[in-house]
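Novice: Sharing a structure below in structure tokens format, with a few things to ask.
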Amino acid sequence: MLSLQVNSEKKLILGSIQLPSFLGKSGKEIEMIAGKARKAASLFAEAGFDGVFIQDTTPGELSLDTISNLAAITRHVRDSVPGIAIGSQMECDNAEAILSTAKAASAEMVRIKNFVGASVRNSGIINGQGPEAIRYRIEHKVETAIFSDIFNLTGVPLGPLSLKKACSMALKLGVEGLIICGPDYDSTVQMLKEVKSYFPDAFVLCGGNATIDKAREMLDICDGVIVSSCLKTGSEFDAAKMSRFISNARP
């Protein structure tokens, strides 16, 4: 496996490729999705990104088709695009499914959005997946880094839980990195500063709202960043924007 260099002096710059929903897709359609994911991952690798998440966006309940399709596509990208770490992310809030997919695909990292605390999403009440994730990783010997979101913006917390307490809970469970994202750029910056002041030795990533022009500013605050939308022109990834982001982030 590639080294993600978590907790090293190098800032980690990660991308994210959102796959279309798998609902109603099969055969040639899945092959086309895999091909587009491979091309996008190649652009990230050529630009100098450290890694990229292959992200499922299939709505509704978890299905075996979603797991198998995501695992197959993630494995295809990993085998086809050398020199960049590949991660797995799922729309569902099921840590075991995410980790089993990562294991099947030999992915080097996962992003789990509901890790600690409970929240209400459009699918109902979601409990934190942290304990299940760590147990599953140990029991099934899944060799992947876990990056966990603190406060998923797609849900509403069921009860009061401070940013400091939520981060402390996740770190005690054993995550490799905390993902922080507020509703906008300024709030994200403030949250990142707060978390780093509480936990200076923790590996903290910006999970959203980063921009090309402020890439360096963001990475001066935290240890890594996950970007996607600012790298696109329309719905397609733009190689020039990717290169500009890397140039600004690592002058």
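Here's how to read the names in the structure tokens: chain A, B, ... by the order shown, residue numbers from 1 in each chain, ligand numbers from 1 in the order shown.
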As a PDB file with C-alpha atoms, in the first residue's frame, please: the residues near Val195 of chain A (cut-off 10 Å, only C-alpha atoms, same-chain neighbours under 2 positions excluded).
Specialist:
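Now in out01.pdb:
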```
ATOM      1  CA  LEU A 163     -16.888  20.283  18.817  1.00  0.00           C
ATOM      2  CA  LYS A 164     -14.171  19.534  21.366  1.00  0.00           C
ATOM      3  CA  CYS A 167     -13.313  15.261  18.351  1.00  0.00           C
ATOM      4  CA  SER A 168     -12.131  13.758  21.632  1.00  0.00           C
ATOM      5  CA  LEU A 178     -10.602  14.271  11.805  1.00  0.00           C
ATOM      6  CA  ILE A 180     -13.896  19.349   9.730  1.00  0.00           C
ATOM      7  CA  GLN A 190     -12.770  28.964  12.638  1.00  0.00           C
ATOM      8  CA  MET A 191     -13.646  25.343  13.411  1.00  0.00           C
ATOM      9  CA  LEU A 192     -10.282  24.129  12.117  1.00  0.00           C
ATOM     10  CA  LYS A 193      -8.422  26.634  14.286  1.00  0.00           C
ATOM     11  CA  SER A 197      -5.906  24.469  19.437  1.00  0.00           C
ATOM     12  CA  TYR A 198      -7.587  21.669  21.406  1.00  0.00           C
ATOM     13  CA  PHE A 199      -5.705  18.808  19.758  1.00  0.00           C
ATOM     14  CA  PRO A 200      -2.432  20.104  18.274  1.00  0.00           C
ATOM     15  CA  ALA A 202      -4.241  15.343  15.844  1.00  0.00           C
ATOM     16  CA  PHE A 203      -4.324  15.007  12.060  1.00  0.00           C
ATOM     17  CA  VAL A 204      -7.044  17.427  10.965  1.00  0.00           C
ATOM     18  CA  CYS A 222      -4.710  22.287   9.177  1.00  0.00           C
TER      19      CYS A 222
END
```
Novice: For Gly224 of chain A, list every protein, DNA or RNA residue within 7 Å, evaluated using only C-alpha atoms, and leave out those in the same chain fewer than 3 positions away; present the list as number ranges by chain.
Specialist: A: 11-13, 204-206, 219
Novice: As number ranges by chain, list the residues of segment 3-212 of chain A assigned to strand (DSSP E) by DSSP on the backbone atoms of this structure.
Specialist: A: 12-18, 51-55, 85-89, 109-112, 118-121, 124-127, 145-150, 156-157, 177-180, 204-206
Novice: Find the residues around Asp50 of chain A up to 8 Å (only C-alpha atoms counted), leave out those fewer than 5 positions away in its own chain, and share them as a ChimeraX atom specification.
Specialist: /A:4,12-14,45,84-85
Novice: Counting only C-alpha atoms, figure out which residue out of A:Gly60, A:Gly24, A:Gly15, A:Pro131 gets nearest to Ile226 of chain A.
Specialist: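 With only C-alpha atoms as the atom set, the closest residue is A:Gly15.
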Novice: Please report as CSV every residue of segment 163-247 of chain A lying within 9 Å of segment 132-145 of chain A, along with the nearest atom pair and their distance in Å (one decimal), using only C-alpha atoms.
Specialist:
```
residue,atom,partner,partner_atom,distance
A:Leu173,CA,A:Ile134,CA,7.0
A:Gly174,CA,A:Ile134,CA,7.2
A:Val175,CA,A:Ala145,CA,7.4
A:Glu176,CA,A:Ala145,CA,5.9
A:Gly177,CA,A:Ala145,CA,8.1
```
Novice: Hey, which of A:Thr211, A:Asn152, A:Ser21, A:Asn94 ends up closest to Ala118 of chain A? Count only C-alpha atoms.
Specialist: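 With only C-alpha atoms as the atom set, the closest residue is A:Asn152.
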Novice: Any idea what's packed within 12 Å of segment 29-41 of chain A, counting only C-alpha atoms, ignoring anything in its chain fewer than 6 positions away? Could you give it as an MDAnalysis selection string?
Specialist: chainID A and resid 14:23 47:56 65:66 68:87 228 231:232 235:239 242
Novice: Once you have the residues from the selection above, write them out as a compact mmCIF listing (two decimals), in the first residue's frame, restricted to N, CA and C atoms.
Specialist:
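Contents of the output file out.txt:
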```txt
# COMPACT_ATOMS: atom_id res chain seq x y z
N LEU A 14 -6.14 15.76 -0.96
CA LEU A 14 -6.98 14.69 -1.48
C LEU A 14 -8.11 15.23 -2.34
N GLY A 15 -8.49 14.47 -3.34
CA GLY A 15 -9.63 14.83 -4.16
C GLY A 15 -10.78 13.89 -3.89
N SER A 16 -11.90 14.13 -4.55
CA SER A 16 -13.07 13.28 -4.40
C SER A 16 -13.81 13.19 -5.73
N ILE A 17 -14.09 11.95 -6.15
CA ILE A 17 -14.81 11.71 -7.40
C ILE A 17 -16.20 11.17 -7.04
N GLN A 18 -17.24 11.95 -7.31
CA GLN A 18 -18.61 11.53 -7.00
C GLN A 18 -19.16 10.71 -8.17
N LEU A 19 -19.40 9.44 -7.92
CA LEU A 19 -19.99 8.59 -8.95
C LEU A 19 -21.49 8.86 -9.06
N PRO A 20 -22.08 8.65 -10.23
CA PRO A 20 -23.53 8.74 -10.33
C PRO A 20 -24.19 7.60 -9.56
N SER A 21 -25.45 7.77 -9.23
CA SER A 21 -26.18 6.72 -8.53
C SER A 21 -26.15 5.41 -9.32
N PHE A 22 -26.06 4.30 -8.57
CA PHE A 22 -26.07 2.99 -9.20
C PHE A 22 -27.49 2.48 -9.48
N LEU A 23 -28.50 3.19 -9.01
CA LEU A 23 -29.87 2.73 -9.18
C LEU A 23 -30.20 2.55 -10.67
N ALA A 47 -1.82 15.74 -11.65
CA ALA A 47 -1.72 17.07 -11.05
C ALA A 47 -0.86 17.06 -9.79
N GLY A 48 -0.68 15.88 -9.18
CA GLY A 48 0.15 15.80 -7.98
C GLY A 48 -0.61 15.64 -6.68
N PHE A 49 -1.89 15.24 -6.75
CA PHE A 49 -2.65 14.97 -5.53
C PHE A 49 -2.13 13.71 -4.85
N ASP A 50 -2.27 13.67 -3.54
CA ASP A 50 -1.79 12.51 -2.78
C ASP A 50 -2.77 11.34 -2.85
N GLY A 51 -4.03 11.63 -2.99
CA GLY A 51 -5.03 10.56 -3.01
C GLY A 51 -6.36 11.09 -3.51
N VAL A 52 -7.29 10.16 -3.73
CA VAL A 52 -8.62 10.54 -4.19
C VAL A 52 -9.63 9.53 -3.68
N PHE A 53 -10.77 10.03 -3.22
CA PHE A 53 -11.87 9.17 -2.79
C PHE A 53 -12.77 8.84 -3.97
N ILE A 54 -13.19 7.59 -4.06
CA ILE A 54 -14.21 7.19 -5.01
C ILE A 54 -15.52 7.15 -4.22
N GLN A 55 -16.41 8.08 -4.52
CA GLN A 55 -17.58 8.32 -3.67
C GLN A 55 -18.88 7.85 -4.30
N ASP A 56 -19.54 6.93 -3.62
CA ASP A 56 -20.88 6.48 -4.01
C ASP A 56 -21.91 7.53 -3.62
N ASP A 65 -25.78 -4.57 -4.30
CA ASP A 65 -25.33 -4.04 -5.59
C ASP A 65 -24.42 -2.83 -5.40
N THR A 66 -24.80 -1.97 -4.46
CA THR A 66 -23.98 -0.79 -4.20
C THR A 66 -22.60 -1.19 -3.72
N SER A 68 -20.98 -4.09 -4.15
CA SER A 68 -20.21 -4.77 -5.18
C SER A 68 -19.77 -3.82 -6.29
N ASN A 69 -20.65 -2.91 -6.70
CA ASN A 69 -20.28 -1.97 -7.76
C ASN A 69 -19.19 -1.01 -7.31
N LEU A 70 -19.33 -0.48 -6.10
CA LEU A 70 -18.32 0.46 -5.61
C LEU A 70 -16.98 -0.25 -5.42
N ALA A 71 -17.01 -1.46 -4.87
CA ALA A 71 -15.77 -2.21 -4.67
C ALA A 71 -15.08 -2.48 -6.01
N ALA A 72 -15.86 -2.88 -7.01
CA ALA A 72 -15.28 -3.19 -8.31
C ALA A 72 -14.69 -1.95 -8.97
N ILE A 73 -15.41 -0.83 -8.91
CA ILE A 73 -14.92 0.40 -9.53
C ILE A 73 -13.69 0.93 -8.79
N THR A 74 -13.73 0.89 -7.46
CA THR A 74 -12.60 1.36 -6.67
C THR A 74 -11.36 0.52 -6.96
N ARG A 75 -11.52 -0.81 -7.04
CA ARG A 75 -10.41 -1.69 -7.34
C ARG A 75 -9.87 -1.41 -8.75
N HIS A 76 -10.77 -1.18 -9.69
CA HIS A 76 -10.37 -0.88 -11.07
C HIS A 76 -9.52 0.37 -11.11
N VAL A 77 -9.95 1.41 -10.40
CA VAL A 77 -9.19 2.67 -10.38
C VAL A 77 -7.84 2.46 -9.71
N ARG A 78 -7.85 1.73 -8.59
CA ARG A 78 -6.60 1.51 -7.87
C ARG A 78 -5.59 0.77 -8.74
N ASP A 79 -6.04 -0.23 -9.46
CA ASP A 79 -5.14 -1.02 -10.28
C ASP A 79 -4.70 -0.28 -11.55
N SER A 80 -5.50 0.70 -11.98
CA SER A 80 -5.23 1.37 -13.26
C SER A 80 -4.45 2.67 -13.11
N VAL A 81 -4.49 3.26 -11.92
CA VAL A 81 -3.86 4.57 -11.73
C VAL A 81 -2.80 4.47 -10.65
N PRO A 82 -1.54 4.26 -11.01
CA PRO A 82 -0.47 4.13 -10.02
C PRO A 82 -0.07 5.47 -9.43
N GLY A 83 0.55 5.43 -8.27
CA GLY A 83 1.15 6.63 -7.70
C GLY A 83 0.22 7.52 -6.92
N ILE A 84 -1.00 7.08 -6.68
CA ILE A 84 -1.94 7.89 -5.90
C ILE A 84 -2.76 6.97 -5.00
N ALA A 85 -2.98 7.39 -3.76
CA ALA A 85 -3.77 6.58 -2.83
C ALA A 85 -5.24 6.66 -3.21
N ILE A 86 -5.95 5.55 -3.07
CA ILE A 86 -7.36 5.49 -3.43
C ILE A 86 -8.19 5.24 -2.17
N GLY A 87 -9.27 5.99 -2.03
CA GLY A 87 -10.14 5.86 -0.87
C GLY A 87 -11.56 5.49 -1.27
N SER A 228 -13.09 19.03 -4.33
CA SER A 228 -13.74 18.46 -5.51
C SER A 228 -14.38 19.54 -6.37
N LEU A 231 -12.62 22.27 -8.40
CA LEU A 231 -11.72 21.80 -9.45
C LEU A 231 -12.45 21.52 -10.76
N LYS A 232 -13.74 21.82 -10.80
CA LYS A 232 -14.54 21.49 -11.97
C LYS A 232 -14.89 22.72 -12.80
N SER A 235 -19.63 20.24 -15.00
CA SER A 235 -19.68 18.98 -14.24
C SER A 235 -18.41 18.15 -14.39
N GLU A 236 -17.44 18.65 -15.14
CA GLU A 236 -16.22 17.89 -15.43
C GLU A 236 -15.01 18.47 -14.70
N PHE A 237 -14.12 17.57 -14.28
CA PHE A 237 -12.88 18.03 -13.66
C PHE A 237 -12.01 18.73 -14.70
N ASP A 238 -11.36 19.80 -14.25
CA ASP A 238 -10.55 20.65 -15.11
C ASP A 238 -9.08 20.49 -14.71
N ALA A 239 -8.26 19.93 -15.60
CA ALA A 239 -6.86 19.67 -15.29
C ALA A 239 -6.12 20.96 -14.92
N MET A 242 -6.92 21.87 -11.36
CA MET A 242 -6.23 20.95 -10.45
C MET A 242 -4.77 21.39 -10.28
```
Novice: Leaving out Ile125 of chain A and any residue of its chain fewer than 5 positions from it, which residues lie within 10 Å of it when counting only C-alpha atoms, given as an NGL selection string?
Specialist: :A and (118-120 or 155-158)
Novice: Go ahead and save the picked residues with C-alpha atoms, as a compact mmCIF listing (two decimals), in the first residue's frame.
Specialist:
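So again.txt came out as:
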```
# COMPACT_ATOMS: atom_id res chain seq x y z
CA ALA A 118 -26.54 10.75 16.72
CA SER A 119 -28.23 12.90 14.10
CA VAL A 120 -31.37 13.13 12.02
CA GLY A 155 -27.82 15.87 9.36
CA VAL A 156 -29.03 17.67 12.49
CA PRO A 157 -27.53 16.58 15.86
CA LEU A 158 -30.07 14.99 18.20
```
Novice: Please report the interatomic distance between atom CA of Leu62 of chain A and atom CA of Val225 of chain A in Å with one decimal.
Specialist: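 The value is 27.8 Å.
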Novice: Pick from A:Val189, A:Ala170, A:Ile179, A:Ala240: nearest to Val110 of chain A, with only C-alpha atoms counted?
Specialist: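 Of A:Val189, A:Ala170, A:Ile179, A:Ala240, the one nearest Val110 of chain A, counting only C-alpha atoms, is A:Ile179.
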Novice: Can you tell me, as an NGL selection string, what residues are no more than 12 Å from Pro251 of chain A when counting only C-alpha atoms, ignoring any on the same chain fewer than 5 positions away?
Specialist: :A and (215-217 or 219 or 243-246)
Novice: Given the choices A:Cys230, A:Leu153, A:Lys28, A:Met109, which gets closest to Gln89 of chain A if the distance is worked out from only C-alpha atoms?
Specialist: A:Met109
Novice: Nearest to Ser162 of chain A: which of A:Glu91, A:Val116, A:Asp201, A:Leu43 is it, counting only C-alpha atoms?
Specialist: A:Val116
